[in-house]
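Structure data follow from my_file-v9.csv (CSV, C-alpha atoms and all ligand atoms):
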```
chain,number,residue,atom,x,y,z
A,1,MET,CA,68.2,106.9,66.9
A,2,ALA,CA,69.2,103.5,68.4
A,3,ARG,CA,70.8,103.7,71.8
A,4,LYS,CA,74.6,103.7,72.2
A,5,ILE,CA,75.8,100.8,74.3
A,6,VAL,CA,79.2,100.9,76.1
A,7,ILE,CA,80.4,97.6,77.7
A,8,LEU,CA,83.3,97.3,80.2
A,9,THR,CA,84.6,93.7,80.5
A,10,GLY,CA,87.0,92.2,83.0
A,11,ALA,CA,88.7,88.9,83.6
A,12,GLY,CA,85.4,87.2,84.5
A,13,ILE,CA,84.3,87.1,80.8
A,14,SER,CA,87.4,85.1,79.9
A,15,ALA,CA,87.2,82.8,83.0
A,16,GLU,CA,85.2,80.1,81.1
A,17,SER,CA,87.7,80.2,78.3
A,18,GLY,CA,90.2,78.9,80.9
A,19,LEU,CA,92.1,82.1,81.5
A,20,GLY,CA,92.7,82.9,85.2
A,21,THR,CA,91.0,85.8,86.9
A,22,PHE,CA,93.0,88.0,89.2
A,23,ARG,CA,91.2,87.9,92.5
A,24,ASP,CA,89.2,84.7,92.6
A,25,ALA,CA,90.5,82.1,95.1
A,26,GLN,CA,93.1,80.6,92.9
A,27,GLY,CA,93.5,83.8,90.9
A,28,LEU,CA,96.7,85.0,89.3
A,29,TRP,CA,97.5,87.3,92.1
A,30,SER,CA,97.4,84.5,94.6
A,31,GLN,CA,100.5,83.1,92.9
A,32,HIS,CA,102.2,86.4,92.7
A,33,ARG,CA,102.1,89.7,94.6
A,34,ILE,CA,100.8,92.6,92.4
A,35,GLU,CA,103.8,94.6,93.4
A,36,ASP,CA,106.1,92.0,91.9
A,37,VAL,CA,104.5,91.4,88.5
A,38,ALA,CA,102.2,94.3,87.6
A,39,THR,CA,104.2,97.4,88.5
A,40,PRO,CA,107.1,99.2,86.8
A,41,GLU,CA,109.0,98.8,90.1
A,42,GLY,CA,108.5,95.1,90.1
A,43,PHE,CA,109.7,94.9,86.5
A,44,ALA,CA,112.8,97.0,87.3
A,45,ARG,CA,113.5,94.7,90.3
A,46,ASP,CA,113.1,91.4,88.5
A,47,PRO,CA,112.4,91.7,84.7
A,48,ASP,CA,112.9,87.9,84.3
A,49,LEU,CA,110.1,87.1,86.7
A,50,VAL,CA,107.8,89.6,85.0
A,51,HIS,CA,108.6,88.3,81.6
A,52,ARG,CA,108.0,84.7,82.7
A,53,PHE,CA,104.6,85.7,84.2
A,54,TYR,CA,103.5,87.4,81.0
A,55,SER,CA,105.0,84.8,78.6
A,56,ALA,CA,103.1,82.1,80.4
A,57,ARG,CA,99.8,84.1,80.1
A,58,ARG,CA,100.6,85.1,76.4
A,59,ILE,CA,101.0,81.4,75.5
A,60,GLN,CA,97.9,80.4,77.4
A,61,ALA,CA,95.8,83.2,76.0
A,62,ALA,CA,96.9,82.4,72.4
A,63,ALA,CA,95.6,78.8,72.9
A,64,ALA,CA,92.3,79.9,74.4
A,65,GLN,CA,89.0,80.0,72.6
A,66,PRO,CA,86.3,82.7,72.8
A,67,ASN,CA,83.3,81.5,74.8
A,68,ALA,CA,79.6,82.1,74.4
A,69,ALA,CA,79.8,85.5,76.2
A,70,HIS,CA,82.4,86.8,73.8
A,71,HIS,CA,80.4,85.6,70.8
A,72,ALA,CA,77.2,87.2,72.2
A,73,LEU,CA,78.9,90.6,72.4
A,74,ALA,CA,80.2,90.2,68.9
A,75,ARG,CA,76.6,89.4,67.8
A,76,LEU,CA,75.2,92.4,69.6
A,77,GLU,CA,77.8,94.7,67.9
A,78,ALA,CA,76.8,93.2,64.5
A,79,GLU,CA,73.0,93.2,65.0
A,80,TRP,CA,72.3,96.2,67.2
A,81,PRO,CA,71.1,99.2,65.2
A,82,GLY,CA,73.1,101.7,67.3
A,83,GLU,CA,76.8,101.9,68.2
A,84,VAL,CA,78.3,99.2,70.5
A,85,VAL,CA,81.7,99.9,72.1
A,86,ILE,CA,83.6,97.3,74.1
A,87,VAL,CA,86.1,98.7,76.6
A,88,THR,CA,88.1,95.8,78.1
A,89,GLN,CA,90.5,95.5,81.0
A,90,ASN,CA,91.6,92.2,79.6
A,91,VAL,CA,94.8,91.7,77.7
A,92,ASP,CA,93.7,88.6,75.8
A,93,ALA,CA,92.3,88.8,72.3
A,94,LEU,CA,89.1,86.8,72.8
A,95,HIS,CA,86.7,89.6,71.9
A,96,GLU,CA,88.5,90.0,68.6
A,97,ALA,CA,88.6,86.3,68.1
A,98,ALA,CA,84.8,86.2,68.5
A,99,GLY,CA,84.5,88.8,65.8
A,100,ALA,CA,84.1,92.0,67.8
A,101,ARG,CA,85.6,95.0,66.0
A,102,GLN,CA,85.4,98.1,68.2
A,103,VAL,CA,87.4,96.9,71.2
A,104,LEU,CA,89.5,99.3,73.3
A,105,HIS,CA,92.2,97.5,75.4
A,106,MET,CA,92.6,100.1,78.3
A,107,HIS,CA,95.2,97.9,80.0
A,108,GLY,CA,97.1,96.9,76.9
A,109,THR,CA,97.5,93.5,75.3
A,110,LEU,CA,99.6,90.4,75.7
A,111,ALA,CA,100.1,90.4,71.9
A,112,GLY,CA,102.0,93.7,72.1
A,113,ALA,CA,105.6,94.4,73.0
A,114,LEU,CA,106.9,97.8,73.9
A,115,CYS,CA,110.5,99.1,74.1
A,116,ALA,CA,111.1,100.8,77.5
A,117,ALA,CA,114.0,102.6,75.9
A,118,CYS,CA,112.7,104.0,72.7
A,119,GLY,CA,109.0,103.5,72.8
A,120,HIS,CA,108.8,101.3,69.7
A,121,ARG,CA,105.9,98.8,69.6
A,122,TRP,CA,105.9,95.5,67.8
A,123,PRO,CA,104.0,92.1,67.9
A,124,ALA,CA,105.3,90.2,70.9
A,125,THR,CA,106.9,86.8,70.4
A,126,PRO,CA,105.3,84.1,72.6
A,127,GLU,CA,108.3,83.9,74.9
A,128,MET,CA,109.8,87.3,75.7
A,129,THR,CA,112.9,87.7,78.0
A,130,PRO,CA,114.8,90.7,79.4
A,131,THR,CA,117.4,90.2,76.6
A,132,THR,CA,114.8,90.3,73.7
A,133,PRO,CA,116.3,93.1,71.5
A,134,CYS,CA,114.1,96.0,70.3
A,135,PRO,CA,113.7,95.7,66.5
A,136,ALA,CA,114.1,99.5,66.3
A,137,CYS,CA,116.9,100.5,68.7
A,138,ASN,CA,118.3,97.0,69.3
A,139,ARG,CA,118.5,97.6,73.1
A,140,ALA,CA,117.5,94.9,75.5
A,141,ALA,CA,114.6,96.9,77.0
A,142,ALA,CA,111.6,95.0,75.8
A,143,ARG,CA,108.5,94.8,78.1
A,144,PRO,CA,104.9,93.6,77.7
A,145,ASP,CA,102.8,96.4,76.2
A,146,VAL,CA,100.4,96.3,79.2
A,147,VAL,CA,99.4,99.0,81.7
A,148,TRP,CA,100.8,98.4,85.1
A,149,PHE,CA,99.6,99.9,88.4
A,150,GLY,CA,100.7,103.5,88.5
A,151,GLU,CA,100.7,103.8,84.7
A,152,ILE,CA,98.2,105.7,82.7
A,153,PRO,CA,95.5,103.4,81.0
A,154,TYR,CA,95.3,103.6,77.2
A,155,PHE,CA,92.4,105.3,75.3
A,156,MET,CA,91.2,107.3,78.4
A,157,GLU,CA,90.1,110.3,76.4
A,158,GLU,CA,88.2,108.2,73.9
A,159,ILE,CA,86.7,106.1,76.7
A,160,LEU,CA,85.4,109.1,78.6
A,161,THR,CA,83.8,110.4,75.4
A,162,HIS,CA,82.0,107.1,74.9
A,163,LEU,CA,80.8,107.1,78.5
A,164,GLY,CA,79.5,110.6,78.0
A,165,GLU,CA,77.4,109.4,75.0
A,166,ALA,CA,76.3,106.0,76.4
A,167,ASP,CA,72.5,105.4,76.7
A,168,LEU,CA,73.3,102.0,78.3
A,169,PHE,CA,76.4,101.0,80.3
A,170,ALA,CA,77.1,97.4,81.2
A,171,ALA,CA,80.0,95.9,83.2
A,172,ILE,CA,80.7,92.3,82.7
A,173,GLY,CA,83.0,90.0,84.8
A,174,THR,CA,84.9,92.7,86.7
A,175,SER,CA,85.3,92.9,90.5
A,176,GLY,CA,85.4,96.7,90.3
A,177,GLN,CA,88.6,96.9,92.4
A,178,VAL,CA,90.8,98.6,89.8
A,179,TYR,CA,90.5,102.3,88.9
A,180,PRO,CA,89.8,104.2,86.7
A,181,ALA,CA,87.7,101.4,85.2
A,182,ALA,CA,85.8,100.8,88.5
A,183,ALA,CA,84.5,104.4,88.3
A,184,PHE,CA,83.1,104.2,84.7
A,185,VAL,CA,79.7,103.3,86.0
A,186,GLN,CA,79.5,106.6,87.9
A,187,GLU,CA,80.6,108.5,84.8
A,188,ALA,CA,77.9,106.9,82.7
A,189,ALA,CA,75.2,107.2,85.3
A,190,ALA,CA,76.0,110.8,85.9
A,191,GLN,CA,75.0,111.7,82.4
A,192,GLY,CA,71.8,109.6,82.4
A,193,ALA,CA,72.9,106.2,81.1
A,194,GLN,CA,71.0,103.1,82.2
A,195,THR,CA,73.5,100.8,84.0
A,196,VAL,CA,73.5,97.0,84.4
A,197,GLU,CA,76.1,94.6,85.9
A,198,LEU,CA,76.6,91.1,84.7
A,199,ASN,CA,78.7,89.0,87.1
A,200,LEU,CA,79.1,85.7,88.8
A,201,GLU,CA,78.4,87.3,92.2
A,202,ARG,CA,78.2,90.8,93.8
A,203,SER,CA,81.2,93.0,93.1
A,204,GLU,CA,82.7,96.0,94.8
A,205,ILE,CA,80.6,98.2,92.6
A,206,SER,CA,77.3,96.3,92.4
A,207,ARG,CA,75.3,98.9,94.3
A,208,ALA,CA,76.2,101.5,91.7
A,209,PHE,CA,74.2,99.7,89.0
A,210,GLU,CA,70.4,100.1,88.4
A,211,SER,CA,70.1,96.4,87.7
A,212,ARG,CA,72.2,93.2,88.0
A,213,ARG,CA,72.2,89.8,86.4
A,214,PHE,CA,74.1,87.1,88.3
A,215,GLY,CA,75.4,83.9,86.9
A,216,PRO,CA,78.3,82.6,84.7
A,217,ALA,CA,79.0,84.9,81.8
A,218,THR,CA,78.4,82.2,79.2
A,219,GLU,CA,74.8,82.0,80.5
A,220,VAL,CA,73.9,85.6,81.5
A,221,VAL,CA,75.5,87.5,78.6
A,222,PRO,CA,73.8,85.6,75.8
A,223,ALA,CA,70.5,85.9,77.6
A,224,TRP,CA,71.0,89.7,78.1
A,225,VAL,CA,71.9,90.1,74.4
A,226,GLU,CA,68.9,88.1,73.4
A,227,ASP,CA,66.7,90.4,75.5
A,228,LEU,CA,68.3,93.5,74.0
A,229,LEU,CA,67.9,92.4,70.4
A,230,ALA,CA,64.3,91.3,71.1
A,231,GLY,CA,63.5,94.8,72.6
A,232,ARG,CA,62.8,93.3,76.0
B,1,LIG,C1,96.0,104.9,87.1
B,1,LIG,C2,97.8,94.8,83.8
B,1,LIG,C3,96.2,107.2,87.0
B,1,LIG,C4,97.7,93.8,82.7
B,1,LIG,C5,96.2,95.6,85.4
B,1,LIG,C6,93.5,104.0,95.8
B,1,LIG,C7,92.2,104.3,95.4
B,1,LIG,C8,91.8,104.3,94.1
B,1,LIG,C9,92.8,104.0,93.1
B,1,LIG,C10,94.0,103.7,93.5
B,1,LIG,C11,94.4,103.7,94.8
B,1,LIG,N1,95.7,103.4,94.8
B,1,LIG,C12,96.2,103.2,93.6
B,1,LIG,C13,95.2,103.4,92.7
B,1,LIG,C14,95.2,103.4,91.3
B,1,LIG,C15,95.3,102.0,90.8
B,1,LIG,C16,94.3,101.1,91.4
B,1,LIG,O1,93.1,101.1,91.0
B,1,LIG,N2,94.7,100.3,92.4
B,1,LIG,C17,93.7,99.4,93.1
B,1,LIG,C18,94.3,98.1,93.4
B,1,LIG,C19,93.1,100.1,94.3
B,1,LIG,N3,95.1,102.0,89.4
B,1,LIG,C20,96.1,102.3,88.5
B,1,LIG,O2,97.3,102.4,88.9
B,1,LIG,C21,95.8,102.5,87.1
B,1,LIG,N4,96.4,103.7,86.6
B,1,LIG,O3,95.2,105.0,88.0
B,1,LIG,O4,96.7,106.0,86.6
B,1,LIG,C22,95.2,107.7,86.0
B,1,LIG,C23,93.8,107.5,86.3
B,1,LIG,C24,92.9,108.0,85.4
B,1,LIG,C25,93.3,108.7,84.3
B,1,LIG,C26,94.7,108.8,84.0
B,1,LIG,C27,95.6,108.4,84.9
B,1,LIG,C28,96.3,101.3,86.2
B,1,LIG,C29,95.5,100.1,86.6
B,1,LIG,C30,95.9,99.0,85.6
B,1,LIG,C31,96.6,97.9,86.3
B,1,LIG,N5,96.9,96.8,85.4
B,1,LIG,N6,96.6,94.7,84.6
B,1,LIG,C32,97.5,92.5,83.2
B,1,LIG,O5,98.4,91.9,83.9
B,1,LIG,O6,96.4,91.9,82.9
B,1,LIG,S1,94.9,95.4,86.5
B,1,LIG,C33,94.3,93.9,86.4
B,1,LIG,O7,93.1,93.9,87.2
B,1,LIG,C34,93.8,93.4,85.0
B,1,LIG,O8,93.9,94.4,84.0
B,1,LIG,C35,92.3,93.1,85.3
B,1,LIG,O9,91.5,93.3,84.2
B,1,LIG,C36,92.1,94.2,86.3
B,1,LIG,C37,90.8,94.2,87.0
B,1,LIG,O10,90.5,92.9,87.5
B,1,LIG,P1,89.2,92.2,86.9
B,1,LIG,O11,89.2,92.2,85.5
B,1,LIG,O12,88.0,92.9,87.6
B,1,LIG,O13,89.3,90.8,87.4
B,1,LIG,P2,89.1,90.2,88.9
B,1,LIG,O14,89.8,88.9,89.0
B,1,LIG,O15,89.5,91.3,89.9
B,1,LIG,O16,87.6,90.0,89.0
B,1,LIG,C38,87.0,89.0,88.2
B,1,LIG,C39,85.5,89.2,88.3
B,1,LIG,O17,84.9,88.2,87.4
B,1,LIG,C40,85.0,88.9,89.7
B,1,LIG,O18,84.0,89.9,90.0
B,1,LIG,C41,84.3,87.5,89.6
B,1,LIG,O19,83.2,87.4,90.4
B,1,LIG,C42,83.9,87.5,88.1
B,1,LIG,N7,83.8,86.2,87.5
B,1,LIG,C43,84.6,85.1,87.8
B,1,LIG,N8,84.2,84.1,87.0
B,1,LIG,C44,83.1,84.5,86.2
B,1,LIG,C45,82.9,85.9,86.6
B,1,LIG,N9,81.9,86.6,86.0
B,1,LIG,C46,81.1,86.0,85.1
B,1,LIG,N10,81.3,84.7,84.7
B,1,LIG,C47,82.3,83.9,85.3
B,1,LIG,N11,82.5,82.6,84.9
```

Can you present the structure in this file as structure tokens?
Amino acid sequence: MARKIVILTGAGISAESGLGTFRDAQGLWSQHRIEDVATPEGFARDPDLVHRFYSARRIQAAAAQPNAAHHALARLEAEWPGEVVIVTQNVDALHEAAGARQVLHMHGTLAGALCAACGHRWPATPEMTPTTPCPACNRAAARPDVVWFGEIPYFMEEILTHLGEADLFAAIGTSGQVYPAAAFVQEAAAQGAQTVELNLERSEISRAFESRRFGPATEVVPAWVEDLLAGR
């Protein structure tokens, strides 16, 4: 039975598509404090700032193209004889744009809108504002359908099941600073999965992996996929 591969991706896999990461020098958080733009309290305090932060990213992400790393993971999913599951912390749609099908967005998506009043979800318009009415209840309570700090990530039960069944766990382009994603490597290793980290440089969780491949994602991810498909 071919091995099951579970892959966690972070902002680093989309960096070469031109989308900012969070914690690199000129990262998104350097322009904004996390508390102000990625927490429910920050949204309650200044919904206009938060909507402007996410509208700018939504428009940028919609114009971005998947890179060789996204395409390599889509190729792995198509050609690997076993199951491949991509769990992403990213809110862009570049995995899907590259052709990947089993993608779990644990921190939500820029493409989604959520009504904070009635819970209705609908496709976000590029520019959302605090007065964007909810199509279901008509109240001006629209927010990005993303998971902020202090909120519960999506698909956790399904993700933990996949981690329990993984023969191979890979983390790609994540600094390993945000939980619970940063602890997935421990979950996978605890039940015997092989673990590999693909990153530009060492991360907070590098030492938790059996092996590491350092370099830009557009180089190390296609090489890694090539090796897997060649049985190396
Ligand atoms: C929760 C929103 C309970 C959408 C985001 C104290 C200890 C432990 C935990 C906590 C704590 N205090 C609080 C917590 C919990 C908290 C947390 O982890 N805080 C941290 C700061 C300590 N977590 C939460 O609140 C989470 N919820 O815990 O609920 C619970 C838990 C379990 C089960 C049920 C309930 C919710 C967290 C979600 C927050 N929302 N985003 C958005 O705006 O995008 S987080 C944000 O950071 C993004 O989602 C992003 O994906 C994520 C992680 O960042 P990375 O993807 O890793 O990106 P980063 O910039 O950090 O790193 C980039 C990496 O790429 C680097 O390593 C770099 O070297 C590399 N790279 C760069 N260029 C390249 C590259 N690699 C390859 N090639 C390149 N070219």

Review point. What residues have any atom no more than 7 Å from ligand LIG 1 (chain B) when counting only C-alpha atoms and all ligand atoms, and can you list them as a PyMOL selection string?
Key: chain A and resi 9-13+15-16+21-24+27+38+89-91+107-108+146-153+156+172-180+198-203+215-218

Based on the selection just made, write C-alpha atoms of those residues as a compact mmCIF listing (two decimals), in the coordinates of the input.
```
# COMPACT_ATOMS: atom_id res chain seq x y z
CA THR A 9 84.60 93.70 80.50
CA GLY A 10 87.00 92.20 83.00
CA ALA A 11 88.70 88.90 83.60
CA GLY A 12 85.40 87.20 84.50
CA ILE A 13 84.30 87.10 80.80
CA ALA A 15 87.20 82.80 83.00
CA GLU A 16 85.20 80.10 81.10
CA THR A 21 91.00 85.80 86.90
CA PHE A 22 93.00 88.00 89.20
CA ARG A 23 91.20 87.90 92.50
CA ASP A 24 89.20 84.70 92.60
CA GLY A 27 93.50 83.80 90.90
CA ALA A 38 102.20 94.30 87.60
CA GLN A 89 90.50 95.50 81.00
CA ASN A 90 91.60 92.20 79.60
CA VAL A 91 94.80 91.70 77.70
CA HIS A 107 95.20 97.90 80.00
CA GLY A 108 97.10 96.90 76.90
CA VAL A 146 100.40 96.30 79.20
CA VAL A 147 99.40 99.00 81.70
CA TRP A 148 100.80 98.40 85.10
CA PHE A 149 99.60 99.90 88.40
CA GLY A 150 100.70 103.50 88.50
CA GLU A 151 100.70 103.80 84.70
CA ILE A 152 98.20 105.70 82.70
CA PRO A 153 95.50 103.40 81.00
CA MET A 156 91.20 107.30 78.40
CA ILE A 172 80.70 92.30 82.70
CA GLY A 173 83.00 90.00 84.80
CA THR A 174 84.90 92.70 86.70
CA SER A 175 85.30 92.90 90.50
CA GLY A 176 85.40 96.70 90.30
CA GLN A 177 88.60 96.90 92.40
CA VAL A 178 90.80 98.60 89.80
CA TYR A 179 90.50 102.30 88.90
CA PRO A 180 89.80 104.20 86.70
CA LEU A 198 76.60 91.10 84.70
CA ASN A 199 78.70 89.00 87.10
CA LEU A 200 79.10 85.70 88.80
CA GLU A 201 78.40 87.30 92.20
CA ARG A 202 78.20 90.80 93.80
CA SER A 203 81.20 93.00 93.10
CA GLY A 215 75.40 83.90 86.90
CA PRO A 216 78.30 82.60 84.70
CA ALA A 217 79.00 84.90 81.80
CA THR A 218 78.40 82.20 79.20
```

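Counting from CA of Glu187 (chain A), the distance to CA of Ile205 (chain A) is 12.9 Å.
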
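For the choices A:Ala74, A:Ile7, A:Arg33, A:Val50, the atom-to-atom distance to Glu197 (chain A) is smallest for A:Ile7 when using all atoms listed in the file.
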
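Taking CA of Ala142 (chain A) and CA of Ala116 (chain A) as the two end points, the separation is 6.1 Å.
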
Exercise for review: Between A:Ala181, A:Ala56, A:Ala124, A:Ala72, single out the one closest to Gly99 (chain A), counting all atoms listed in the file.
Suggested key: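 For Gly99 (chain A), the nearest of the candidates is A:Ala72.
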
**Study point:** Atom-to-atom span, CA of Gly42 (chain A) and CA of Ala25 (chain A), Å
**Key:**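 Taking CA of Gly42 (chain A) as the start and CA of Ala25 (chain A) as the end point, the length is 22.8 Å.
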
Point to revise | Which of A:Glu165, A:Glu77, A:Asp36, A:Asp145 sits closest to Lys4 (chain A) [using all atoms listed in the file] | key: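 Smallest distance to Lys4 (chain A) is found for A:Glu165.
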
Practice item. Tell me which of A:Tyr54, A:Leu8, A:Thr88, A:Pro135 sits closest to Phe184 (chain A), counting all atoms listed in the file. Key: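 Among the listed residues, A:Leu8 lies closest to Phe184 (chain A).
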
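If you count all atoms listed in the file and draw a sphere of 6 Å around (74.8, 109.3, 79.8), the protein and nucleic acid residues inside it come out as A:Gly164, A:Glu165, A:Ala166, A:Asp167, A:Ala188, A:Ala189, A:Gln191, A:Gly192, A:Ala193.
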
Exercise for review: Find the spatial neighbours of Ile59 (chain A), counting only C-alpha atoms, within a cut-off of 12 Å - ignore same-chain residues fewer than 3 positions away - and output them as a list in words.
Suggested key: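 Once the nearby chain positions are removed, what remains is Leu19, His51, Arg52, Phe53, Tyr54, Ser55, Ala56, Ala62, Ala63, Ala64, Asp92, Ala93, Leu110, Ala111, Ala124, Thr125, Pro126, Glu127 and Met128 of chain A.
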
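Closest to Gly112 (chain A) among A:Pro47, A:Pro66, A:Pro40, A:Pro144 is A:Pro144, based on all atoms listed in the file.
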
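Each of A:Leu76, A:Ala136, A:Ser30, A:Glu158 was checked against Met106 (chain A) using all atoms listed in the file; the smallest atom-to-atom distance is that of A:Glu158.
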
Exercise for review: With a distance cut-off of 12 Å and only C-alpha atoms, select the neighbouring residues of Cys118 (chain A), excluding the residue or stretch itself and same-chain residues fewer than 2 positions from it, and output the selection as a list in words.
Suggested key: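 Contacts, with the query itself left out: Ala113, Leu114, Cys115, Ala116, His120, Arg121, Trp122, Pro133, Cys134, Pro135, Ala136, Cys137, Asn138, Arg139, Ala140, Ala141, Ala142 and Arg143 of chain A.
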
**Study point:** Expected answer as a list in words: all residues with atoms within 12 Å of (84.3, 84.9, 64.9), only C-alpha atoms
**Key:**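 Checking each residue against the 12 Å limit leaves Gln65, Pro66, Asn67, Ala68, His70, His71, Ala72, Leu73, Ala74, Arg75, Ala78, Ala93, Leu94, His95, Glu96, Ala97, Ala98, Gly99, Ala100 and Arg101 of chain A.
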
Limited to C-alpha atoms, could you put the picked residues into a file as a PDB file, in the coordinates of the input?
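Saved to out.pdb:
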```pdb
ATOM      1  CA  GLN A  65      89.000  80.000  72.600  1.00  0.00           C
ATOM      2  CA  PRO A  66      86.300  82.700  72.800  1.00  0.00           C
ATOM      3  CA  ASN A  67      83.300  81.500  74.800  1.00  0.00           C
ATOM      4  CA  ALA A  68      79.600  82.100  74.400  1.00  0.00           C
ATOM      5  CA  HIS A  70      82.400  86.800  73.800  1.00  0.00           C
ATOM      6  CA  HIS A  71      80.400  85.600  70.800  1.00  0.00           C
ATOM      7  CA  ALA A  72      77.200  87.200  72.200  1.00  0.00           C
ATOM      8  CA  LEU A  73      78.900  90.600  72.400  1.00  0.00           C
ATOM      9  CA  ALA A  74      80.200  90.200  68.900  1.00  0.00           C
ATOM     10  CA  ARG A  75      76.600  89.400  67.800  1.00  0.00           C
ATOM     11  CA  ALA A  78      76.800  93.200  64.500  1.00  0.00           C
ATOM     12  CA  ALA A  93      92.300  88.800  72.300  1.00  0.00           C
ATOM     13  CA  LEU A  94      89.100  86.800  72.800  1.00  0.00           C
ATOM     14  CA  HIS A  95      86.700  89.600  71.900  1.00  0.00           C
ATOM     15  CA  GLU A  96      88.500  90.000  68.600  1.00  0.00           C
ATOM     16  CA  ALA A  97      88.600  86.300  68.100  1.00  0.00           C
ATOM     17  CA  ALA A  98      84.800  86.200  68.500  1.00  0.00           C
ATOM     18  CA  GLY A  99      84.500  88.800  65.800  1.00  0.00           C
ATOM     19  CA  ALA A 100      84.100  92.000  67.800  1.00  0.00           C
ATOM     20  CA  ARG A 101      85.600  95.000  66.000  1.00  0.00           C
TER      21      ARG A 101
END
```

**Study point:** All residues 12 Å or closer to Gly231 (chain A), all atoms listed in the file, same chain fewer than 6 positions away omitted, as a PyMOL selection string
**Key:** chain A and resi 2-3+80-81+224-225
